[in-house]
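Scroll down for the structure; my scribbles are underneath it.
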Amino acid sequence: MAYYARKTAGFIVTLLLVSLVTFAVFQILPGDPATAILGVDADPVQIEQLRHEIGADQPLPQRFLNWAAGVLRGDLGASYQYRQPVAKLISGGLSVTVSLAVFSLALTVLIGIPTGLWLARHGKKLYAAPVTFLSQLGLSVPAFCMSIVLIEIFSVQLRWLPSMGYTPWAQSPLKCLQSLLLPALAISFGSSAVLIRYVRASVSQQEGELYVRTAKSKGAAPGRVMWGHVLRNSLIPVLTIFGMLVTDVLGGSIIIENVFSLPGIGRLISTSIATRDLPLIQGLVLYLAGIVVVCNFVVDILYSVIDPRIRLK
Amino acid sequence: MTDKIPPVLAVEKLTVEFPVGKPAEYRPAVKEVSLQVKPGEMVGLVGESGCGKTVTALSVAGLQPETARISHGKIRFQGTELLSLTEEQRSRLRGQELSMIFQEPMTALNPLMKVGKQIAEAARVHGASRQEAREKALSIMEQVGLPDAERLYGEYPHRLSGGMCQRVMIAMALLNRPALLIADEPTTALDVTIQAQILEVIRSMNREMGTAVLLISHDLGVIRRMCSRVYILYAGQVVESGPTEQVLSQPIHPYTKGLVASLPSLSGRGKKLRPIPGTVPPLEERDGKGCPFYNRCERRRPQCEAGSPPRLEKNGRMALCIDAKEEWGL
């Protein structure tokens, strides 16, 4: 129980620090939200009035406290730009981003783990060279480059998949998957390459462990040794990397959403920064930080599920 | 006569080589080793570290490292030539007819699998149902002296002591009542008191099940207590063999003599122990010429350096030394 209390306390402190830092950074950035909204030619009186309306004329600590008090009441404030509640804007974009992230991570696992296992077995053979090469490529090519390549092949040349836009799952699950496939591939190309590397190294290392010899001495066939013994032991270090990849994929989706014009959080972030939309940025950062912290927490729990030597204390 | 009973295991002139240096050149870690284990017998294999004991054992089980090359020799097990079997056929034999336990019981168990399941796996991989395997595991756990088997079944290895882990290993190895158990330094990593207990388990299993045991150890005291016959291995070669009592009371080979002299005994308290000077030559330095023990031998003669020592036999004993000629009056 104390474990969960400590985790929750850590969670709150992280969110507080993250929002303080965002708030501070935002004050350093040049530019004024009222001017950004009304334009540089606007009447100074109007600008002053807008500043007053959105509270930009109050002293800094006051503004932060107002905002934090709002968050505690469950109110993230209203966007300067869209004149809508931040929570509503975010929940709209969040479903897109989370779908994309989950899809990308699923692809990452589906590609990364089997390929890593396969390379651990056959990595030194000549016929494995193309796979090794591709995974090297995945490590070095950034996701937005990959997106352009994928769009060129699958949208422009083959015309199989859309290059932009998003269809909600509720409207048509098939179309939804189609609209997410290319961006997810672009993201998972890099992240699965990372996973492949770690799975391969970890499996190779575990195969040299003595318990593997014991399993063989019992008469276990190679397949059983791999699936029953080696795989689970190999997953412990891989899980650490996977936890980091979650953060990576979320970060990557911000750029990729712009490339594929997906109406997700990534798009909201870039527009909100451009328009100095502080409440929206604060809300977004809070959400993202929350997701990352929760994911790490899940990874911690998974550790103890996989490895009985790690107990949650 | 006992000689008429066919052996469970007959290793004939087994040579196992490893690549050494660059460019790689194969050097024998085990050279023309011959040994036999009869049904129900306990046989010792003794030697210093690096003399090829483990490689011999692993080769018999078919678990030698991938770099190893079995260049010649035969391993007949229950009349079947193991080296001509496919990996799949050998895998079916392992854990069923031929089992092995290892030196480090703590690391030899899968840390992420419950010990009961690991023991039961020995039955599962040879076709038992889940329920059957569980029952077999629980029954063998009690036989090897694991207390409260039901509770222990669900424990993970890290919660067990080294001695308990070795009992788990023994249970796993003996679950299918194999004809032969190869025990590779089973007590080396354990406390002395636990050592005695583990050896007792192996001995009682040998008596109850009739499982033959090839006990590998560097500890002559252990071998003397447990084994009726012994093979002394030096630098990959069997330098002396025979009934344990005879070999240890009247050793022929200077290496065996050295081993016996370096063995502390309770009766000889206060007497100085005499270590054998030097160490086993590393693989790189074994050029295959002359007697392997030449450099460390107190009784070396000119002919020992160039020519291979004679392999002399008398009354079930064997020695790889010219000294045997005089001592045995050959």
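Chain lettering (A, B, ...) mirrors the order of the structure tokens, residue numbering begins at 1 for each chain separately, and ligand numbering begins at 1 in order of display.
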- Item | 7 Å contacts from chain B to chain A using only C-alpha atoms, as a list of chain:residue names |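 On the chain B side, the interface is B:Ser91, B:Arg92, B:Leu93, B:Arg94, B:Gly95, B:Ser99, B:Met100, B:Thr107, B:Ala108, B:Leu109, B:Asn110, B:Leu112, B:Ala122, B:Val125, B:Ala173.
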Just write the chosen residues, N, CA and C atoms, as a compact mmCIF listing (two decimals), in the first residue's frame.
```txt
# COMPACT_ATOMS: atom_id res chain seq x y z
N SER B 91 17.96 -35.56 -27.62
CA SER B 91 17.15 -34.75 -26.72
C SER B 91 16.09 -35.61 -26.03
N ARG B 92 15.57 -36.61 -26.74
CA ARG B 92 14.57 -37.50 -26.15
C ARG B 92 15.18 -38.37 -25.05
N LEU B 93 16.46 -38.66 -25.22
CA LEU B 93 17.16 -39.49 -24.23
C LEU B 93 17.48 -38.70 -22.96
N ARG B 94 17.78 -37.43 -23.18
CA ARG B 94 18.18 -36.57 -22.06
C ARG B 94 17.03 -36.37 -21.10
N GLY B 95 17.33 -36.48 -19.81
CA GLY B 95 16.29 -36.27 -18.82
C GLY B 95 15.42 -37.49 -18.65
N SER B 99 20.55 -38.32 -17.27
CA SER B 99 20.33 -37.00 -16.68
C SER B 99 21.63 -36.41 -16.17
N MET B 100 21.56 -35.11 -15.90
CA MET B 100 22.77 -34.45 -15.46
C MET B 100 22.45 -33.42 -14.40
N THR B 107 22.37 -20.97 -10.12
CA THR B 107 22.26 -20.38 -11.45
C THR B 107 21.78 -21.41 -12.47
N ALA B 108 21.78 -22.68 -12.07
CA ALA B 108 21.34 -23.71 -13.02
C ALA B 108 19.83 -23.78 -13.12
N LEU B 109 19.13 -23.08 -12.22
CA LEU B 109 17.67 -23.08 -12.29
C LEU B 109 17.19 -21.78 -12.92
N ASN B 110 16.10 -21.87 -13.64
CA ASN B 110 15.51 -20.68 -14.26
C ASN B 110 14.92 -19.80 -13.15
N LEU B 112 12.92 -17.44 -13.16
CA LEU B 112 11.56 -16.92 -13.33
C LEU B 112 10.50 -18.02 -13.34
N ALA B 122 10.44 -31.84 -16.54
CA ALA B 122 11.18 -33.04 -16.94
C ALA B 122 10.21 -34.15 -17.35
N VAL B 125 8.12 -32.74 -20.83
CA VAL B 125 8.79 -32.82 -22.13
C VAL B 125 8.90 -34.26 -22.62
N ALA B 173 16.42 -34.29 -12.22
CA ALA B 173 17.21 -35.24 -12.99
C ALA B 173 16.71 -36.67 -12.82
```
- Message: Applying 9 Å and only C-alpha atoms, which residues near Ser140 in chain A remain after dropping the ones on its own chain fewer than 4 positions away? List them as a list in words.
- Response: Ser135, Gln136 and Gly190 of chain A
- Might you pull out every residue within 8 Å of range 200-207 of chain A, with only C-alpha atoms counted and same-chain residues fewer than 2 positions away left off, and present them as a ChimeraX atom specification? /A:116-121,196-198,209,212,230-231,233-235,237-238
- Leaving out Ile202 in chain B and any residue of its chain fewer than 4 positions from it, which residues lie within 8 Å of it when counting only C-alpha atoms, given as a list in words?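 Listed by chain and then number, they are Ile170, Ile198 and Asn206 of chain B.
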Those residues with N, CA and C atoms, as a short mmCIF file (atom, residue, chain, number, x, y, z; two decimals), in the first residue's frame please?
```cif
data_model
loop_
_atom_site.label_atom_id
_atom_site.label_comp_id
_atom_site.auth_asym_id
_atom_site.auth_seq_id
_atom_site.Cartn_x
_atom_site.Cartn_y
_atom_site.Cartn_z
N ILE B 170 18.42 -32.42 -8.40
CA ILE B 170 18.46 -33.88 -8.34
C ILE B 170 17.07 -34.45 -8.61
N ILE B 198 23.82 -33.71 0.47
CA ILE B 198 23.54 -33.89 -0.95
C ILE B 198 24.12 -35.21 -1.44
N ASN B 206 20.75 -43.67 -5.72
CA ASN B 206 21.48 -44.71 -6.45
C ASN B 206 21.06 -46.09 -5.96
#
```
